[in-house]
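Data file: data16.tsv. Format and content: TSV, C-alpha atoms (C1' of nucleotides).
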chain	number	residue	atom	x	y	z
A	170	MET	CA	10.34	15.36	-41.45
A	171	ALA	CA	10.98	14.04	-38.06
A	172	GLU	CA	9.71	16.49	-35.58
A	173	THR	CA	12.11	17.50	-32.93
A	174	GLY	CA	9.60	16.89	-30.20
A	175	GLU	CA	10.38	20.22	-28.74
A	176	GLU	CA	7.36	20.19	-26.60
A	177	GLU	CA	7.47	20.58	-22.94
A	178	THR	CA	5.47	18.51	-20.62
A	179	VAL	CA	4.56	19.71	-17.28
A	180	SER	CA	5.19	17.53	-14.33
A	181	ALA	CA	3.67	18.31	-11.08
A	182	GLU	CA	5.54	18.10	-7.88
A	183	ALA	CA	3.60	17.71	-4.74
A	184	SER	CA	4.22	20.38	-2.21
A	185	GLY	CA	2.02	19.76	0.74
A	186	PHE	CA	1.56	16.06	1.15
A	187	SER	CA	4.46	15.29	3.38
A	188	ASP	CA	2.22	14.88	6.38
A	189	MET	CA	0.43	11.98	4.89
A	190	SER	CA	2.30	9.21	6.59
A	191	ASP	CA	0.27	9.27	9.76
A	192	SER	CA	-2.77	7.82	8.17
A	193	GLU	CA	-2.29	4.65	10.14
A	194	PHE	CA	-4.09	5.61	13.23
A	195	LEU	CA	-7.48	4.86	11.87
A	196	ASP	CA	-6.55	1.38	10.88
A	197	LEU	CA	-7.74	-0.45	13.95
A	198	GLU	CA	-10.83	-1.23	12.02
A	199	ASP	CA	-8.83	-2.98	9.36
A	200	SER	CA	-6.69	-5.04	11.66
A	201	GLN	CA	-9.49	-6.50	13.66
A	202	GLU	CA	-11.20	-7.31	10.48
A	203	LEU	CA	-8.18	-9.24	9.38
A	204	SER	CA	-8.35	-11.47	12.39
A	205	ALA	CA	-12.07	-11.77	12.01
A	206	SER	CA	-11.75	-13.04	8.52
A	207	LEU	CA	-9.86	-16.06	9.75
A	208	SER	CA	-13.07	-17.33	11.14
A	209	LYS	CA	-15.22	-17.18	8.15
A	210	PRO	CA	-16.75	-20.59	8.45
A	211	SER	CA	-20.28	-20.43	7.31
A	212	PRO	CA	-22.32	-17.80	5.62
A	213	ALA	CA	-24.82	-18.19	8.40
A	214	SER	CA	-24.49	-14.57	9.25
A	215	GLU	CA	-27.85	-13.90	10.73
A	216	LEU	CA	-27.66	-14.53	14.41
A	217	PRO	CA	-31.25	-14.70	15.32
A	218	GLY	CA	-31.95	-12.08	17.91
A	219	LYS	CA	-34.40	-13.04	20.59
A	220	ASP	CA	-36.69	-10.31	19.61
A	221	GLY	CA	-35.55	-9.49	16.17
A	222	LYS	CA	-33.19	-6.66	17.08
A	223	LEU	CA	-29.93	-7.74	15.56
A	224	ILE	CA	-29.33	-6.01	12.33
A	225	SER	CA	-28.16	-2.82	13.94
A	226	LEU	CA	-24.71	-4.18	14.68
A	227	PRO	CA	-22.17	-1.66	13.46
A	228	LYS	CA	-20.66	-2.92	10.29
A	229	TRP	CA	-17.15	-3.39	11.64
A	230	GLU	CA	-18.42	-5.75	14.33
A	231	ARG	CA	-20.01	-7.96	11.81
A	232	GLY	CA	-16.57	-9.02	10.74
A	233	LEU	CA	-16.91	-10.03	7.17
A	234	ASP	CA	-16.72	-7.84	4.16
A	235	VAL	CA	-19.30	-5.19	4.31
A	236	SER	CA	-16.65	-2.81	3.14
A	237	SER	CA	-14.98	-3.52	-0.15
A	238	PRO	CA	-11.21	-3.44	-0.61
A	239	MET	CA	-11.69	-0.15	-2.46
A	240	GLU	CA	-13.11	1.31	0.71
A	241	ARG	CA	-10.79	-0.47	3.12
A	242	PHE	CA	-7.72	0.82	1.32
A	243	HIS	CA	-9.33	4.24	0.86
A	244	LEU	CA	-8.93	4.07	-2.87
A	245	LYS	CA	-10.80	6.28	-5.26
A	246	TYR	CA	-9.26	4.66	-8.28
A	247	LEU	CA	-6.96	1.87	-9.34
A	248	CYS	CA	-3.90	2.04	-11.53
A	249	VAL	CA	-3.54	-0.11	-14.60
A	250	THR	CA	-0.46	-1.59	-12.99
A	251	ASP	CA	-2.51	-2.60	-9.95
A	252	LEU	CA	-4.48	-4.85	-12.24
A	253	SER	CA	-1.45	-6.22	-14.02
A	254	THR	CA	0.16	-6.99	-10.67
A	255	GLN	CA	-3.09	-8.66	-9.78
A	256	ASN	CA	-2.71	-10.67	-12.97
A	257	TRP	CA	0.64	-11.95	-11.71
A	258	CYS	CA	-0.65	-12.93	-8.27
A	259	GLU	CA	-3.74	-11.42	-6.73
A	260	GLN	CA	-2.79	-12.38	-3.20
A	261	GLN	CA	0.63	-10.81	-3.56
A	262	MET	CA	-0.95	-7.64	-4.85
A	263	VAL	CA	-3.21	-7.52	-1.81
A	264	TYR	CA	-0.26	-7.94	0.57
A	265	GLY	CA	1.45	-5.18	-1.31
A	266	LYS	CA	-1.46	-2.87	-0.53
A	267	GLU	CA	-1.66	-3.96	3.09
A	268	LEU	CA	2.06	-3.80	3.79
A	269	PRO	CA	3.41	-1.16	1.48
A	270	GLY	CA	7.10	-0.52	1.13
A	271	SER	CA	8.39	-4.05	1.46
A	272	VAL	CA	10.07	-4.65	-1.85
A	273	ALA	CA	13.34	-6.51	-1.66
A	274	PRO	CA	16.28	-4.14	-2.21
A	275	GLU	CA	17.65	-6.21	-5.05
A	276	LYS	CA	14.35	-6.12	-6.84
A	277	ALA	CA	14.03	-2.43	-6.12
A	278	ALA	CA	17.32	-1.77	-7.85
A	279	VAL	CA	16.09	-3.46	-11.01
A	280	LEU	CA	12.91	-1.43	-10.91
A	281	ASP	CA	14.94	1.68	-10.37
A	282	THR	CA	17.15	1.04	-13.36
A	283	GLY	CA	14.05	0.42	-15.45
A	284	ALA	CA	12.53	3.67	-14.24
A	285	SER	CA	15.54	5.74	-15.24
A	286	ILE	CA	15.69	4.15	-18.69
A	287	HIS	CA	12.07	5.10	-19.14
A	288	LEU	CA	12.76	8.62	-17.96
A	289	ALA	CA	15.64	8.97	-20.40
A	290	ARG	CA	13.36	7.92	-23.23
A	291	GLU	CA	10.71	10.37	-22.13
A	292	LEU	CA	13.21	13.20	-22.13
A	293	GLU	CA	13.93	12.45	-25.78
A	294	VAL	CA	10.53	13.78	-26.76
A	295	HIS	CA	9.85	16.55	-24.31
A	296	ASP	CA	11.22	18.55	-21.46
A	297	LEU	CA	9.97	18.29	-17.94
A	298	VAL	CA	8.99	21.29	-15.96
A	299	THR	CA	8.30	21.19	-12.27
A	300	ILE	CA	5.15	22.92	-11.18
A	301	PRO	CA	4.26	23.55	-7.57
A	302	ILE	CA	0.77	22.32	-6.87
A	303	THR	CA	-1.60	23.21	-4.10
A	304	SER	CA	-4.46	20.76	-4.42
A	305	LYS	CA	-5.46	17.51	-6.00
A	306	GLU	CA	-7.35	19.57	-8.55
A	307	ASP	CA	-3.98	20.98	-9.55
A	308	THR	CA	-2.58	17.50	-9.95
A	309	TRP	CA	-5.29	16.56	-12.40
A	310	ALA	CA	-5.06	19.92	-14.12
A	311	VAL	CA	-1.41	19.25	-14.89
A	312	LYS	CA	-2.33	15.86	-16.26
A	313	PHE	CA	-4.93	17.52	-18.49
A	314	LEU	CA	-2.51	20.20	-19.68
A	315	ASN	CA	-0.11	17.47	-20.66
A	316	MET	CA	-2.80	15.74	-22.66
A	317	LEU	CA	-3.79	18.97	-24.37
A	318	SER	CA	-0.24	19.51	-25.53
A	319	MET	CA	0.37	15.91	-26.55
A	320	ILE	CA	-2.69	15.32	-28.70
A	321	PRO	CA	-1.70	17.87	-31.38
A	322	THR	CA	1.84	16.53	-31.38
A	323	LEU	CA	0.57	13.04	-31.99
A	324	GLN	CA	-1.81	14.18	-34.69
A	325	SER	CA	0.91	16.00	-36.54
A	326	GLY	CA	3.04	12.90	-36.74
A	327	GLY	CA	5.10	13.15	-33.61
A	328	HIS	CA	5.91	10.59	-30.96
A	329	ILE	CA	4.40	11.15	-27.56
A	330	ARG	CA	5.38	9.44	-24.36
A	331	GLU	CA	3.62	9.02	-21.03
A	332	PHE	CA	0.14	9.77	-22.26
A	333	PRO	CA	-2.41	9.64	-19.42
A	334	VAL	CA	-5.51	7.50	-19.72
A	335	PHE	CA	-8.44	7.08	-17.37
A	336	GLY	CA	-11.91	5.66	-17.45
A	337	GLU	CA	-14.49	3.79	-15.48
A	338	VAL	CA	-14.34	0.05	-15.91
A	339	GLU	CA	-16.77	-2.27	-14.15
A	340	GLY	CA	-17.76	0.56	-11.87
A	341	VAL	CA	-14.20	1.37	-10.83
A	342	LEU	CA	-12.06	4.23	-12.12
A	343	LEU	CA	-8.87	3.04	-13.76
A	344	VAL	CA	-5.94	5.36	-14.30
A	345	GLY	CA	-2.80	4.70	-16.26
A	346	VAL	CA	-0.09	6.08	-18.49
A	347	ILE	CA	0.66	4.87	-22.00
A	348	ASP	CA	4.37	4.55	-22.57
A	349	GLU	CA	4.43	5.70	-26.19
A	350	LEU	CA	2.05	6.47	-29.02
A	351	HIS	CA	2.77	7.33	-32.63
A	352	TYR	CA	1.58	6.75	-36.16
A	353	THR	CA	3.42	4.22	-38.27
A	354	ALA	CA	4.49	4.82	-41.84
A	355	LYS	CA	1.25	3.19	-42.88
A	356	GLY	CA	-0.71	5.63	-40.79
A	357	GLU	CA	-1.72	3.21	-38.08
A	358	LEU	CA	-1.82	4.36	-34.48
A	359	GLU	CA	0.69	2.26	-32.59
A	360	LEU	CA	1.21	1.87	-28.87
A	361	VAL	CA	4.65	0.85	-27.72
A	362	GLU	CA	5.33	-0.47	-24.26
A	363	LEU	CA	8.99	-0.72	-23.36
A	364	LYS	CA	10.00	-3.39	-20.89
A	365	THR	CA	13.56	-3.43	-19.64
A	366	ARG	CA	15.12	-6.64	-18.41
A	367	ARG	CA	17.78	-7.42	-15.87
A	368	GLY	CA	19.18	-10.32	-17.83
A	369	PRO	CA	19.61	-10.59	-21.60
A	370	VAL	CA	16.72	-12.98	-21.98
A	371	LEU	CA	13.08	-12.79	-22.84
A	372	PRO	CA	10.61	-13.20	-19.98
A	373	LEU	CA	8.67	-16.30	-19.12
A	374	GLU	CA	5.22	-16.77	-20.51
A	375	ALA	CA	3.57	-15.66	-17.26
A	376	GLN	CA	5.33	-12.34	-17.48
A	377	LYS	CA	4.45	-11.92	-21.13
A	378	LYS	CA	0.84	-12.61	-20.33
A	379	LYS	CA	0.89	-9.91	-17.72
A	380	ASP	CA	2.45	-7.45	-20.15
A	381	ARG	CA	-0.10	-8.28	-22.84
A	382	PHE	CA	-2.85	-7.71	-20.35
A	383	GLN	CA	-1.38	-4.34	-19.39
A	384	VAL	CA	-1.21	-2.97	-22.94
A	385	SER	CA	-4.62	-4.38	-23.79
A	386	LEU	CA	-6.01	-2.46	-20.85
A	387	TYR	CA	-4.41	0.72	-22.14
A	388	LYS	CA	-6.04	0.26	-25.50
A	389	TYR	CA	-9.36	-0.49	-23.89
A	390	ILE	CA	-9.29	2.74	-21.91
A	391	PHE	CA	-7.79	4.89	-24.64
A	392	ASP	CA	-10.35	3.73	-27.18
A	393	ALA	CA	-13.16	4.47	-24.76
A	394	MET	CA	-11.77	7.96	-24.27
A	395	VAL	CA	-11.57	8.88	-27.93
A	396	GLN	CA	-14.99	7.36	-28.51
A	397	GLY	CA	-16.52	9.67	-25.95
A	398	LYS	CA	-17.39	6.85	-23.60
A	399	VAL	CA	-15.45	8.37	-20.73
A	400	THR	CA	-17.27	11.30	-19.25
A	401	ALA	CA	-16.29	14.18	-17.03
A	402	ALA	CA	-19.15	13.30	-14.74
A	403	SER	CA	-17.81	9.82	-14.17
A	404	LEU	CA	-14.35	11.12	-13.46
A	405	LEU	CA	-15.65	13.69	-11.01
A	406	HIS	CA	-17.83	11.15	-9.31
A	407	HIS	CA	-14.96	8.83	-8.57
A	408	THR	CA	-12.26	11.34	-7.77
A	409	LYS	CA	-14.50	13.73	-5.83
A	410	LEU	CA	-12.71	16.58	-7.51
A	411	HIS	CA	-14.20	20.06	-7.31
A	412	PRO	CA	-14.48	21.34	-10.86
A	413	GLU	CA	-15.32	24.90	-9.79
A	414	LYS	CA	-12.39	25.27	-7.48
A	415	PRO	CA	-9.89	27.77	-8.88
A	416	LEU	CA	-6.58	26.35	-9.94
A	417	GLY	CA	-3.37	27.21	-8.14
A	418	PRO	CA	-1.37	30.17	-9.45
A	419	SER	CA	1.47	28.26	-11.03
A	420	VAL	CA	-0.87	25.86	-12.79
A	421	LEU	CA	-2.87	28.80	-14.07
A	422	LYS	CA	0.26	30.41	-15.33
A	423	HIS	CA	1.21	27.34	-17.29
A	424	ALA	CA	-2.26	26.97	-18.71
A	425	GLN	CA	-2.05	30.52	-20.00
A	426	GLN	CA	1.40	29.93	-21.41
A	427	GLY	CA	-0.10	27.04	-23.29
A	428	GLY	CA	-2.76	29.33	-24.64
A	429	PHE	CA	-5.65	27.94	-22.65
A	430	SER	CA	-7.90	30.47	-21.04
A	431	VAL	CA	-9.20	28.59	-18.09
A	432	THR	CA	-9.72	29.39	-14.48
A	433	SER	CA	-11.01	26.16	-13.04
A	434	LEU	CA	-10.48	22.45	-13.37
A	435	GLY	CA	-13.90	22.19	-14.97
A	436	ASP	CA	-12.85	24.51	-17.79
A	437	LEU	CA	-9.82	22.38	-18.42
A	438	MET	CA	-11.79	19.17	-18.37
A	439	ASP	CA	-14.15	20.51	-21.01
A	440	LEU	CA	-11.18	21.28	-23.22
A	441	VAL	CA	-9.72	17.84	-22.72
A	442	PHE	CA	-12.89	15.97	-23.51
A	443	LEU	CA	-13.43	18.13	-26.59
A	444	SER	CA	-9.88	17.57	-27.71
A	445	LEU	CA	-10.17	13.82	-27.19
A	446	THR	CA	-13.34	13.47	-29.18
A	447	LEU	CA	-12.88	16.14	-31.85
A	448	SER	CA	-9.27	15.59	-32.85
A	449	ASP	CA	-10.04	12.64	-35.10
A	450	LEU	CA	-8.05	10.34	-32.90
A	451	PRO	CA	-8.50	6.74	-34.01
A	452	VAL	CA	-8.61	3.74	-31.77
A	453	ILE	CA	-5.24	2.08	-31.26
A	454	ASP	CA	-4.40	-0.17	-34.19
A	455	ILE	CA	-1.24	-1.88	-33.01
A	456	LEU	CA	-0.10	-2.96	-29.57
A	457	LYS	CA	3.62	-3.56	-29.41
A	458	ILE	CA	5.83	-4.62	-26.53
A	459	GLU	CA	9.58	-4.26	-26.73
A	460	TYR	CA	11.91	-6.08	-24.37
A	461	ILE	CA	15.37	-4.63	-24.02
A	462	HIS	CA	18.34	-5.54	-21.89
A	463	GLN	CA	19.01	-2.98	-19.17
A	464	GLU	CA	22.76	-3.13	-19.28
A	465	THR	CA	23.39	-3.21	-23.02
A	466	ALA	CA	20.13	-1.77	-24.32
A	467	ALA	CA	20.07	-4.68	-26.75
A	468	LEU	CA	16.67	-5.47	-28.16
A	469	LEU	CA	15.76	-8.91	-26.86
A	470	GLY	CA	12.58	-9.18	-28.79
A	471	SER	CA	9.40	-7.42	-29.64
A	472	GLU	CA	5.90	-8.70	-29.73
A	473	ILE	CA	2.70	-7.59	-31.40
A	474	VAL	CA	-0.25	-8.24	-29.14
A	475	SER	CA	-3.57	-9.19	-30.59
A	476	PHE	CA	-6.35	-7.40	-28.80
A	477	GLU	CA	-8.95	-9.84	-27.53
A	478	GLU	CA	-11.66	-7.65	-26.15
A	479	ARG	CA	-13.89	-10.42	-24.93
A	480	GLU	CA	-11.12	-12.11	-23.02
A	481	LEU	CA	-9.93	-8.81	-21.61
A	482	ARG	CA	-13.36	-7.86	-20.36
A	483	ASN	CA	-13.78	-11.21	-18.66
A	484	LYS	CA	-10.49	-10.84	-16.86
A	485	VAL	CA	-11.20	-7.30	-15.78
A	486	GLN	CA	-14.62	-8.29	-14.58
A	487	HIS	CA	-13.07	-11.03	-12.48
A	488	TYR	CA	-10.38	-8.77	-11.03
A	489	MET	CA	-12.87	-6.06	-10.19
A	490	GLY	CA	-14.91	-8.67	-8.41
A	491	TYR	CA	-12.25	-8.64	-5.74
A	492	TRP	CA	-12.04	-4.86	-5.53
A	493	VAL	CA	-15.73	-4.28	-5.08
A	494	GLY	CA	-16.00	-7.04	-2.51
A	495	ARG	CA	-17.83	-9.67	-4.49
A	496	ARG	CA	-15.21	-12.28	-3.67
A	497	GLU	CA	-12.14	-13.00	-1.56
A	498	PRO	CA	-8.67	-12.66	-3.04
A	499	GLN	CA	-6.96	-15.75	-4.38
A	500	GLY	CA	-3.34	-16.71	-4.85
A	501	VAL	CA	-1.76	-18.63	-7.67
A	502	ASP	CA	-2.57	-22.17	-8.72
A	503	VAL	CA	-0.05	-24.94	-8.01
A	504	GLU	CA	1.22	-24.72	-11.55
A	505	GLU	CA	2.46	-21.25	-10.77
A	506	ALA	CA	3.72	-21.88	-7.27
A	507	TRP	CA	7.19	-21.04	-8.56
A	508	LYS	CA	6.14	-17.41	-8.33
A	509	CYS	CA	6.19	-17.74	-4.55
A	510	ARG	CA	9.91	-18.34	-4.66
A	511	THR	CA	10.59	-14.65	-5.23
A	512	CYS	CA	7.60	-13.32	-3.34
A	513	SER	CA	8.40	-11.30	-0.23
A	514	TYR	CA	5.14	-12.37	1.38
A	515	ALA	CA	5.61	-16.10	0.91
A	516	ASP	CA	6.19	-16.76	4.61
A	517	ILE	CA	3.06	-15.00	5.76
A	518	CYS	CA	0.84	-15.94	2.86
A	519	GLU	CA	-2.52	-17.21	4.02
A	520	TRP	CA	-3.25	-18.61	0.60
A	521	ARG	CA	-0.33	-20.99	0.85
A	522	LYS	CA	-1.05	-21.94	4.46
A	523	GLY	CA	-4.66	-22.59	3.80
A	524	GLY	CA	-3.66	-25.12	1.20
A	525	GLY	CA	-5.11	-22.55	-1.06
A	526	MET	CA	-2.82	-23.61	-3.82
A	527	ARG	CA	-4.97	-26.03	-5.63
A	528	SER	CA	-5.26	-26.19	-9.31
A	529	SER	CA	-8.83	-26.79	-10.14
A	530	VAL	CA	-10.34	-29.08	-7.63
A	531	PRO	CA	-14.03	-29.11	-8.24
A	532	VAL	CA	-15.79	-27.98	-5.15
A	533	PRO	CA	-18.82	-30.09	-4.38
A	534	GLN	CA	-21.75	-27.85	-4.95
A	535	THR	CA	-23.96	-27.47	-1.99
A	536	LYS	CA	-27.44	-26.73	-3.10
A	537	ARG	CA	-28.16	-23.09	-3.11
A	538	ALA	CA	-31.17	-22.16	-1.13
A	539	THR	CA	-33.48	-20.17	-3.29
B	249	DA	C1'	-14.75	18.23	7.52
B	250	DT	C1'	-15.98	13.49	14.90
B	251	DT	C1'	-11.62	14.46	9.00
B	252	DG	C1'	-8.35	14.83	4.81
B	253	DC	C1'	-5.15	12.06	1.25
B	254	DT	C1'	-2.91	8.93	-4.23
B	255	DG	C1'	2.23	11.13	-9.94
B	256	DA	C1'	1.82	5.48	-12.27
B	257	DA	C1'	5.13	2.48	-13.41
B	258	DA	C1'	9.35	0.44	-12.45
B	259	DG	C1'	10.40	-6.11	-13.01
B	260	DG	C1'	9.76	-11.17	-11.71
Would you mind writing the file's structure down as structure tokens?
Amino acid sequence: MAETGEEETVSAEASGFSDMSDSEFLDLEDSQELSASLSKPSPASELPGKDGKLISLPKWERGLDVSSPMERFHLKYLCVTDLSTQNWCEQQMVYGKELPGSVAPEKAAVLDTGASIHLARELEVHDLVTIPITSKEDTWAVKFLNMLSMIPTLQSGGHIREFPVFGEVEGVLLVGVIDELHYTAKGELELVELKTRRGPVLPLEAQKKKDRFQVSLYKYIFDAMVQGKVTAASLLHHTKLHPEKPLGPSVLKHAQQGGFSVTSLGDLMDLVFLSLTLSDLPVIDILKIEYIHQETAALLGSEIVSFEERELRNKVQHYMGYWVGRREPQGVDVEEAWKCRTCSYADICEWRKGGGMRSSVPVPQTKRAT
DNA sequence: ATTGCTGAAAGG
């Protein structure tokens, strides 16, 4: 029996964040750091003070990266799509964070079409309800309520869409949303990621690689969640949420309607972590990507991704190296310079100017002082 | 609070 998917998913709508756009005024620190990083000649950072008093320079005057990109961009977590964008071109992703809101209108239209196709598919399995929220705790509470309603649906054979995942990876909190999950006829848990395409053609290999990386990351996080490897403590640590803070009235109302007797975010988190670990959820068995044509909805192709954990972890470790400040960002290799053709930052890209686009020129190793 | 704050993903 195909379930009707009559379930309703709650979607939060922010109510009080409209005054957020003036966060620029404290950015003077960032901009002078940008110019400082042009002169990053030698790691000879210790200017010898005459009498040994030098270390007390405030960190922003020392120029180079004492603060990690996570801190500079004021990020408490990253999205899965941040990392997959990073997989496409790390330098472009960085420019995107520094200069937000500069997507070419033509590209934006394609994204927009894709977004509405996804929304239409989501509405096939559940309704959306708008809930006024009053705090970031509310935002997460809504996410948790959605999970609590979706897990039983999944376990009773239904299809669920937009399932939230989160977990600490390499010391950084990663947050994402799985497009679709369901059990196959054989009883395997399958993830489906829908990709819509402007033209009626399959993507290039570089794009496929990025998509494979994205779904692999979902599985990595989801598996960790159902295996109890993601803890409430870790989530609270990164998000700085207040678990004891009472939830807003409309969120509370919806929790009660769902049959959950909770008063705080902490209560809800307990329920979620119990549900995740005690519902007999398996790890994801199958990762599938479907490419469809936007205009005609024709299926262009579908691909089963083989999950290579080792390879995934290496990539993630490398990407996080940038975020935590272990290394500078890098652009694409010459082989992939074609990506610059459609990049809106091509004309300002320091990676290109700096002749950064090399393939794999071995850098003569200067002896490391030990 | 000499300061706060984030729907993620959308496609190339």
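Interface residues on chain B toward chain A (cut-off 9 Å, all atoms listed in the file): DC253, DT254, DG255, DA256, DA257, DA258, DG259 and DG260 of chain B.
The space between CA of His351 in chain A and CA of His462 in chain A spans 22.9 Å.
The coordinates place CA of Gly270 in chain A at 26.8 Å from CA of Val311 in chain A.
A straight line drawn from CA of Glu259 in chain A to CA of His406 in chain A is 26.7 Å long.
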Report as a list in words all protein, DNA and RNA residues lying within 8 Å of Leu358 in chain A, evaluated on all atoms listed in the file, omitting residues in the same chain fewer than 4 positions from it. Leu350, His351, Tyr352, Thr353, Pro451, Val452, Ile453, Asp454 and Ile455 of chain A
